[in-house]
Structure formats: C-alpha cells, structure tokens
Amino acid sequence: MKRMFIFSITSLILLCAKAGQVYAEAPTTPKILFTSTAWDNNYEIYIMNPDGSEQVNLTQHRANDVGAVWSPTGEQILFVSDRGGNRGDVCDRDLYLMDPDGSNVRRVFKRETHRDSLTWSPDGKQIAYTNVDWGKLISTIYIATLGEQEEEHLVEGRDPAWSPDGTEIACAIDGRLTLLNVHTGAQKQLLPKKAMNWQYYPSWSAAGDKLAFAWNKHQIPPVLDRDLHNEWIKNLTIYIINRDGTDLKQLIDEAGPRADYPVLSPNGKEVLYTQEINGFLQIFKVDVNSGIRTQLTHIGPRNLGGNWFDPAYALPVSPQPQLLTTTWGELKRE
C-alpha cells in the first residue's frame with residue numbers, strides 16, 4: 001500500500017510537471033510583442049505593456065529573431081529565426097515556438113525552407129504562413145497543423161491573418177487586400193478594382209468586424225526602377241476598413257515618413273504601426289477615433305511590427321468549437 005501511494009504521488013508530480021511544460025503561463029495583463037535591434041544590428045523579440053513600459057528582451061540569442069505572434073490563449077509565442085541556418089541570411093529563416101518568458105524554444109518543422117508572416121487559427125491548432133521561393137520570387141501561403149509536418153498549399157500571396165471566427169484568412173493577393181475562404185477557397189477583394197494595389201499587412205480586431213492594413217493609394221509609376229520605387233513607397237501609410245469593405249478610413253497622414261506593419265488592438269480602438277523618426281524606426285500607436293498618436297519605443301535603431309495579446313479577448317485554454325463562429329466576436333463586443 002505504501003509503495004502504491006508513493007508511486008501515485010510520483011506519477012502525479014510527473015504529470016503536473018509535464019502539464020506545466022505544455023500549458024505555459026499566459027500573461028494576465030495586455031502585452032505587446034515586437035522586434036528590436038541593438039546597435040550590433042541583431043534582431044531580438046521583446047515584450048512590453050500597451051503604454052510602452054516594462055520592455056523586456058525575450059530571445060537574447062545571436063541569431064536574428066523577428067515577427068513574433070501570440071497564440072490565441074497567450075501560452076505560446078510563434079516567431080521567425082535564422083538560428084538554424086546562416087545568421088543574417090533572410091533565405092534561412094524558419095518558424096520556432098517558445099513560452100511567454102522566452103524559454104523552451106523549439107523548431108516547428110523538420111524540413112527546412114523559408115517561412116515567415118505568421119498567423120494562428122483561432123482554436124490554436126493550426127498556423128498559416130508565407131513560404132518564399134527566392135529563385136522565382138514567389139510568395140505562397142500555406143496552412144499546417146501544429147505537431148504535424150504536412151503543409152497545405154492555399155494560394156500565391158503574402159501576409160496571412162486568420163479571422164477570429166476561423167472562416168477566412170485576410171491576405172495580400174496580387175497586391176490587393178483579399179479575404180480568402182479557408183474551406184472553399186473563394187476570394188473577395190475589399191477595395192474596388194479601380195483602387196491601386198500594394199495593400200499589405202492586414203490585421204483583424206478581435207471581434208472580426210474591422211481590418212487595419214498598409215496601402216499606397218497612388219498609382220504605381222509605369223517604370224518602377226529602384227529610385228522611383230523608393231520614392232513611391234514613402235507614401236505607404238495606415239488605413240482601417242470594415243470587414244464588408246465599407247467605411248475606409250486613413251489613420252496616418254502621408255506627409256511624414258512611410259508607416260507600415262499595422263496591428264489592431266483586440267478591442268479595435270487602437271492600431272500599432274512602425275514609422276521612422278529622427279532616422280530611427282520606432283513603434284507608435286494611434287487612437288482610431290481621436291487620431292491621437294503615442295510613441296511606444298525609444299530603444300535601438302530599428303523597432304518593428306508588434307502583436308497584441310489581451311487576456312480579456314483570449315479563447316479558453318481548451319478551445320470550444322462552438323466559439324469559432326461570429327457568435328464569439330459578438331460576445332466579445334458586449
């Protein structure tokens with residue numbers, strides 16, 4: 001009996017330890033992930049509060065670590081790194097997972113290829129991402145189930161962002177903001193065909209009713225050489241639009257340096273974006289209604305992107321299929 005008791009207690013301890021590895025502790029307050037470089041030009045993943053305070057370096061690795069995104073429950077972080085290949089070579093970047101404190105880093109796929117532009121399915125079981133063929137300069141969006149090595153080809157495009165109800169992926173196809181039905185493959189462009197392309201980096205509100213994105217609404221020069229491209233890209237700025245394509249609104253003026261990498265706050269009231277100031281790239285947020293802008297980062301020469309987690313908008317630890325519908329978004333708005 002005593003041996004059985006000791007065995008039971010030991011098994012329980014081991015089980016709890018294993019469960020702790022699987023279910024890492026999620027943030028209890030809103031947090032933002034972003035990428036920053038020190039003066040040695042090494043890209044690292046950082047975390048901060050929505051007001052820019054308490055900035056902490058999570059990765060602390062000699063490799064370039066970029067593009068971090070929260071899992072729906074906040075218990076894992078997916079990011080891009082070249083730590084498995086040649087450091088500094090963008091072609092050698094691939095996907096990795098880590099816990100919210102930067103520990104327990106592990107590679108997602110065994111087969112190496114260039115993968116980036118990450119997004120989670122709302123149930124946390126799948127991810128979508130961009131695979132780049134550098135020889136043909138073609139970007140393709142794939143879906144994969146975490147824990148498995150099979151990859152499903154979706155469409156040629158980039159910058160996938162999974163809708164909160166799980167039915168669509170917003171992405172850029174031929175430079176146009178497109179909603180792609182995950183089940184049928186049907187495509188819907190949100191802006192009219194007469195609108196200029198170069199619509200990138202879509203980001204959903206948690207309710208799934210709005211999208212922020214980067215866009216240059218002006219016509220592309222007929223001969224786009226390097227100098228013309230650099231001049232034209234300066235007009236890239238931030239917009240927000242309803243899911244049905246109505247109420248298009250420009251959030252950042254084109255008069256300043258280009259603004260890109262928009263990220264909507266879960267409540268849809270603020271948008272993170274990246275813009276140059278005094279020669280350095282910094283992360284700002286803008287209030288969608290008032291237009292008030294706040295600079296969040298002041299460290300390093302380059303601060304990029306961002307990904308917002310708020311436990312008030314997180315899915316349950318055990319995803320509920322009935323929540324993966326527009327009902328979930330409606331409940332969060334109440």
# chains A, B, ... in the order shown; residues from 1 in each chain; ligands from 1
$ residues_around --residues "Asp101 of chain A" --least-positions-apart "3" --cutoff "9 Å" --atoms "only C-alpha atoms" --output "ChimeraX atom specification"
/A:24-25,58-59,98,104
$ residues_around --residues "Pro27 of chain A" --least-positions-apart "6" --cutoff "9 Å" --atoms "only C-alpha atoms" --output "PyMOL selection string"
chain A and resi 74-75+100+309-311
$ write_last_selection --atoms "N, CA, C and O atoms" --output "PDB file, in the first residue's frame"
ATOM      1  N   GLY A  74      -2.401  32.849 -25.426  1.00  0.00           N
ATOM      2  CA  GLY A  74      -1.265  33.537 -24.835  1.00  0.00           C
ATOM      3  C   GLY A  74      -0.261  32.622 -24.180  1.00  0.00           C
ATOM      4  O   GLY A  74       0.666  33.089 -23.510  1.00  0.00           O
ATOM      5  N   GLU A  75      -0.376  31.307 -24.377  1.00  0.00           N
ATOM      6  CA  GLU A  75       0.514  30.357 -23.725  1.00  0.00           C
ATOM      7  C   GLU A  75       1.738  29.998 -24.552  1.00  0.00           C
ATOM      8  O   GLU A  75       2.673  29.371 -24.049  1.00  0.00           O
ATOM      9  N   PRO A 100       5.949  32.102 -23.126  1.00  0.00           N
ATOM     10  CA  PRO A 100       5.832  33.557 -22.996  1.00  0.00           C
ATOM     11  C   PRO A 100       7.023  34.241 -22.319  1.00  0.00           C
ATOM     12  O   PRO A 100       7.199  35.446 -22.480  1.00  0.00           O
ATOM     13  N   PHE A 309      -1.666  40.963 -27.335  1.00  0.00           N
ATOM     14  CA  PHE A 309      -2.437  39.953 -26.610  1.00  0.00           C
ATOM     15  C   PHE A 309      -3.140  40.620 -25.440  1.00  0.00           C
ATOM     16  O   PHE A 309      -2.541  41.370 -24.670  1.00  0.00           O
ATOM     17  N   ASP A 310      -4.429  40.323 -25.311  1.00  0.00           N
ATOM     18  CA  ASP A 310      -5.212  40.817 -24.183  1.00  0.00           C
ATOM     19  C   ASP A 310      -6.008  39.644 -23.630  1.00  0.00           C
ATOM     20  O   ASP A 310      -6.843  39.073 -24.331  1.00  0.00           O
ATOM     21  N   PRO A 311      -5.752  39.247 -22.364  1.00  0.00           N
ATOM     22  CA  PRO A 311      -6.454  38.086 -21.802  1.00  0.00           C
ATOM     23  C   PRO A 311      -7.971  38.244 -21.793  1.00  0.00           C
ATOM     24  O   PRO A 311      -8.694  37.256 -21.789  1.00  0.00           O
TER      25      PRO A 311
END
$ closest_residue --among "A:Pro192, A:Pro164, A:Gly102, A:Gly175" --to "Trp204 of chain A" --atoms "only C-alpha atoms"
A:Pro164
$ select_by_dssp --residues "segment 52-254 of chain A" --states "strand (DSSP E)" --output "PyMOL selection string"
chain A and resi 56-57+65-70+77-81+94-98+106-107+115-120+126-133+138-145+151-156+158-162+168-173+176-181+187-189+199-204+210-215+237-242+249-250
$ residues_around --residues "Asp51 of chain A" --least-positions-apart "2" --cutoff "7 Å" --atoms "only C-alpha atoms" --output "PyMOL selection string"
chain A and resi 49+53+296
